[in-house]
Each structure stands twice: as structure tokens, then as C-alpha cells.
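Student: Shown below is the structure under consideration.
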Amino acid sequence: MSSILFTAKFPRPPKNGDEILIRGKLRENARKFSVNFCLPRPAGVSDQQSPTYIAYHFKTIYDDDGTSTVVQNWKNVIWDKEDIGDNIWHTDRSKVFTVIFRLHEDKIKVFADRIDHLPDYQFPLRLSLDGISTIELWDDVDVEEISFRYDNKPFD
């Protein structure tokens, strides 16, 4: 079972175009870490249990042979089928990483380091974007920074 290391509440419900930047460093001998965009836990579920509803789960797994994979999926009480691909975003475990998640009504786009390029990954969003209330980081990572970036257009 994964262990929850860091939880942050969204300052407001996320909207189309919002971004979350995470800067962190893997722990020595890291095996995996995950970023999870979670809906509220139902009454009676402790904070240390896996959330019942995860709109987006982004996990990087590092193998002993130097290879690594990225797993994307979501959870509506039970986990959906995993989308597994090559890790192209963070291959040097010893370096600090920056990953940016751009939220859209119908998908989440993932960018390594900066956003002035095509996304490194994308995943269709199957649970409501505005229902997301927290972000959680699990497993072998130390968080250095987390930033919520909002498109604060002036009101008419």
C-alpha cells in the first residue's frame, strides 16, 4: 500500500486552464512516487486510507535495472485500467524535478520543467474537475515546492 506523504487543499475549486507546479526530489533508493488529484473522502474514511475517488493518478515507477515507467489512471471506488508508458519526463533520480499539471474540463496535461512545449503526457478526465479538492503526493519523494496557478482574468 502507498503511504501519503503530502496533502494540500486547493484554495478554490479548480477551473479549466489552472495549473499545479510541483518541485521535488526523490529519496535515496526511490522506487516510486505518485501525484493524485482527489475528490473529498466520504464520511467515515480516515485520512490515511486511500481516497475513494481520485480524478487523476500519475505514478512514476523506477526499476532496479535503470528503466522506469509512468502509470496513469483514476479511481471511482475501484481503480480503473492503468495506462502504462515509458518514463520520458524524469529519468535521473538524483536530480530535482519540476512537473506541471494543466487542468482542463476533459483532460489533464503533464509537462516536465516548463509549459512551452507539447505535453509529455495527457489523460482523459472522467470525474468532475470542479469536484477535485486536494492533491496528494505518495511514496518516495520530498516536496520542495507546490504552487497553484490560476488564470485570474479580470471580471467584466
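Naming scheme: A, B, ... for chains in displayed order of the C-alpha cells; residues 1 onward per chain; ligands 1 onward as shown.
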Give me the residues of stretch 78-133 of chain A that have any atom at most 8 Å from an atom of stretch 24-37 of chain A; for each, the nearest atom pair and the distance in Å, rounded to one decimal. Use only C-alpha atoms, sort by chain and number, and format it as a tab-separated table.

Tutor:
```
residue	atom	partner	partner_atom	distance
A:Arg93	CA	A:Leu26	CA	6.3
A:Ser94	CA	A:Leu26	CA	7.0
A:Lys95	CA	A:Lys25	CA	6.6
A:Val96	CA	A:Lys25	CA	4.6
A:Phe97	CA	A:Gly24	CA	5.5
A:Thr98	CA	A:Gly24	CA	6.7
A:Ile132	CA	A:Phe37	CA	6.3
A:Ser133	CA	A:Phe37	CA	7.6
```

Student: Which polymer residues have any atom within 9 Å of an atom of A:Arg23, counting only C-alpha atoms, with same-chain residues fewer than 4 positions away left out, as an mmCIF file with C-alpha atoms, in the first residue's frame?

Tutor:
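Now in out29.cif:
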```cif
data_model
loop_
_atom_site.group_PDB
_atom_site.id
_atom_site.type_symbol
_atom_site.label_atom_id
_atom_site.label_comp_id
_atom_site.auth_asym_id
_atom_site.auth_seq_id
_atom_site.Cartn_x
_atom_site.Cartn_y
_atom_site.Cartn_z
ATOM 1 C CA VAL A 96 15.426 17.829 -8.529
ATOM 2 C CA PHE A 97 12.375 17.682 -10.790
ATOM 3 C CA THR A 98 9.637 20.081 -11.776
ATOM 4 C CA VAL A 99 6.337 18.774 -13.094
ATOM 5 C CA ILE A 100 3.384 20.931 -14.100
ATOM 6 C CA ASP A 113 10.114 21.504 -16.356
ATOM 7 C CA ASP A 142 10.399 15.091 -0.698
ATOM 8 C CA VAL A 143 8.370 18.130 -1.747
ATOM 9 C CA GLU A 144 10.310 21.363 -2.195
ATOM 10 C CA GLU A 145 7.517 23.473 -3.702
ATOM 11 C CA ILE A 146 3.899 23.247 -4.725
ATOM 12 C CA SER A 147 2.225 26.180 -6.472
#
```

Student: For A:Ser3, work out the shell of residues within 12 Å, counting only C-alpha atoms and skipping chain neighbours fewer than 4 positions away, then give it as a list in words.

Tutor: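 Contacts, with the query itself left out: Thr7, Lys32, Phe33, Ser34, Val35, Asp47, Gln48, Gln49, Ser50, Pro51, Glu136, Leu137, Trp138, Asp139, Asp140 and Val141 of chain A.
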
Student: Env of A:Pro11: 12 Å cut, atoms = only C-alpha atoms, seq-sep filter 4 positions within chain, self excluded. Answer as a list in words.

Tutor: Lys15, Asp18, Ile20, Asp130, Ile132, Ser133, Thr134, Ile135, Ser147, Phe148, Arg149 and Tyr150 of chain A

Student: Keeping C-alpha atoms for every residue in the selection just given, could you write it to a file as an mmCIF file, in the first residue's frame?

Tutor:
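The resulting selection.cif:
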```cif
data_model
loop_
_atom_site.group_PDB
_atom_site.id
_atom_site.type_symbol
_atom_site.label_atom_id
_atom_site.label_comp_id
_atom_site.auth_asym_id
_atom_site.auth_seq_id
_atom_site.Cartn_x
_atom_site.Cartn_y
_atom_site.Cartn_z
ATOM 1 C CA LYS A 15 -11.166 25.514 -13.328
ATOM 2 C CA ASP A 18 -5.465 26.108 -13.914
ATOM 3 C CA ILE A 20 -0.273 22.978 -10.361
ATOM 4 C CA ASP A 130 -14.510 21.227 -10.053
ATOM 5 C CA ILE A 132 -11.280 17.970 -7.022
ATOM 6 C CA SER A 133 -10.493 19.218 -3.520
ATOM 7 C CA THR A 134 -6.959 18.033 -2.673
ATOM 8 C CA ILE A 135 -3.692 16.982 -4.203
ATOM 9 C CA SER A 147 2.225 26.180 -6.472
ATOM 10 C CA PHE A 148 -1.361 26.650 -7.573
ATOM 11 C CA ARG A 149 -1.505 28.844 -10.685
ATOM 12 C CA TYR A 150 -4.834 30.381 -11.605
#
```

Student: Would you work out the distance separating atom CA of A:Asp65 from atom CA of A:Tyr121, expressed in Å to one decimal?

Tutor: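 We find that atom CA of A:Asp65 and atom CA of A:Tyr121 lie 23.3 Å from each other.
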
Student: Which is closest to A:Asp80 among A:Tyr53, A:Ala112, A:Leu5, A:Arg41, if we use only C-alpha atoms?

Tutor: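 Looking at the shortest contact to A:Asp80, the residue is A:Tyr53.
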
Student: Which residue, A:Val70, A:Pro13, A:Asp86, A:Ala8, has the smallest gap to A:Leu103 when you use only C-alpha atoms?

Tutor: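 Comparing A:Val70, A:Pro13, A:Asp86, A:Ala8 against A:Leu103, the winner is A:Pro13.
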
Student: Considering only C-alpha atoms, state which residue in the set A:Pro42, A:Pro119, A:Pro124, A:Gly131 is at the smallest distance from A:His57.

Tutor: A:Pro124

Student: Just give me the gap between atom CA of A:Lys109 and atom CA of A:Leu21 in Å, one decimal is fine.

Tutor: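 Pair atom CA of A:Lys109 / atom CA of A:Leu21 returns 12.0 Å.
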